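Asks: The following block contains the structure, expressed as structure tokens.
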Amino acid sequence: QLDGKMWHSLFLSFDLPQGVSRRAHEKLWAVPRDVLAHIRAATGMEAYCKRSDHPHPSSALTNAGRSSKILALLRDLPLDERSVVFTGTREGVLHLQAILDYDGVGCRALFVGQDSKASERAVAEWERDDFASEEVRPAT
């Protein structure tokens, strides 16, 4: 395991990305500016962004926020039939829902702690097939 000083030295050895803002963040004042610059470069997004935010369309990072598992799921999902995807966390469900919505893949989500009206609406829409006709863009 690396000690803190060694980790810090290794981090400082990485060149800062070109053309990425090094400004501080008003809510993340304890996070060094260089760390924020690396986060912005790696994700194409701001630190402390909303769950529903996505990289800017002009970003070269079209797969930001997409793990290898999510990319495989997007390749494997049959777009002409219904599928059910299970995940163990509420955050995982909401993250996947945001990605599918962004790609135009119709989906509904159920998770622990969800408002009962939202759960009922999701099930009713699933049963009625209200989202099967939504525009579907191929996943990247």
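How things are named: the first chain in the structure tokens is A, the next is B, and so on; residues count from 1 in each chain; ligands count from 1 in the order shown.
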Using only C-alpha atoms, which protein or nucleic acid residues come within 9 Å of A:Arg33? Drop anything in the same chain fewer than 6 positions from it, and give the result as JSON, numbers by chain.
Replies: {"A": [21, 22, 23, 24, 25]}
Asks: Keeping only C-alpha atoms, take the residues you just selected and write them out as an mmCIF file, in the first residue's frame.
Replies:
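Written output follows (again11.cif):
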```
data_model
loop_
_atom_site.group_PDB
_atom_site.id
_atom_site.type_symbol
_atom_site.label_atom_id
_atom_site.label_comp_id
_atom_site.auth_asym_id
_atom_site.auth_seq_id
_atom_site.Cartn_x
_atom_site.Cartn_y
_atom_site.Cartn_z
ATOM 1 C CA SER A 21 -10.310 24.583 -16.445
ATOM 2 C CA ARG A 22 -8.254 24.543 -13.241
ATOM 3 C CA ARG A 23 -10.699 26.747 -11.347
ATOM 4 C CA ALA A 24 -11.704 25.848 -7.824
ATOM 5 C CA HIS A 25 -15.210 24.684 -6.956
#
```
Asks: Quick one: everything within 12 Å of A:Leu36, counting only C-alpha atoms, minus sequence neighbours fewer than 5 positions away in the same chain. Send it as JSON, numbers by chain.
Replies: {"A": [16, 17, 20, 21, 22, 23, 24, 25, 26, 27, 28, 29, 30, 31, 41, 42, 43, 44, 45, 46, 47, 48]}
Asks: Go through chain A and collect every residue that DSSP, computed from the backbone, puts in alpha helix (DSSP H); the answer should be as a PyMOL selection string.
Replies: chain A and resi 4-12+33-43+68-76+90-102+116-128
Asks: When you look at A:Val84 with a cut-off of 12 Å (counting only C-alpha atoms), what residues show up, excluding the ones that are within fewer than 3 positions of it in the same chain? I need them as a PyMOL selection string.
Replies: chain A and resi 73+77-78+81+87+93+106-110+126
Asks: Smallest atom-to-atom distance to A:His8: which of A:His95, A:Glu120, A:Asp115, A:Val35, using only C-alpha atoms?
Replies: A:Val35
Asks: Considering only C-alpha atoms, state which residue in the set A:Ser9, A:Ile39, A:Glu127, A:Asp103 is at the smallest distance from A:Leu71.
Replies: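 Closest residue, counting only C-alpha atoms: A:Asp103.
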Asks: Using only C-alpha atoms, determine which residues lie at most 12 Å from A:Glu91, disregarding the query and same-chain residues fewer than 6 positions distant; provide the list as a ChimeraX atom specification.
Replies: /A:51-52,97-98,109-114
Asks: Which one is closest to A:Ser67: A:Leu96, A:Arg40, A:Lys50, A:Val105? Count only C-alpha atoms.
Replies: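 Between A:Leu96, A:Arg40, A:Lys50, A:Val105, the residue approaching A:Ser67 most closely is A:Leu96.
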Asks: Do you have the atom CA of A:Asp80-atom CA of A:Asp101 distance handy?
Replies: 15.9 Å
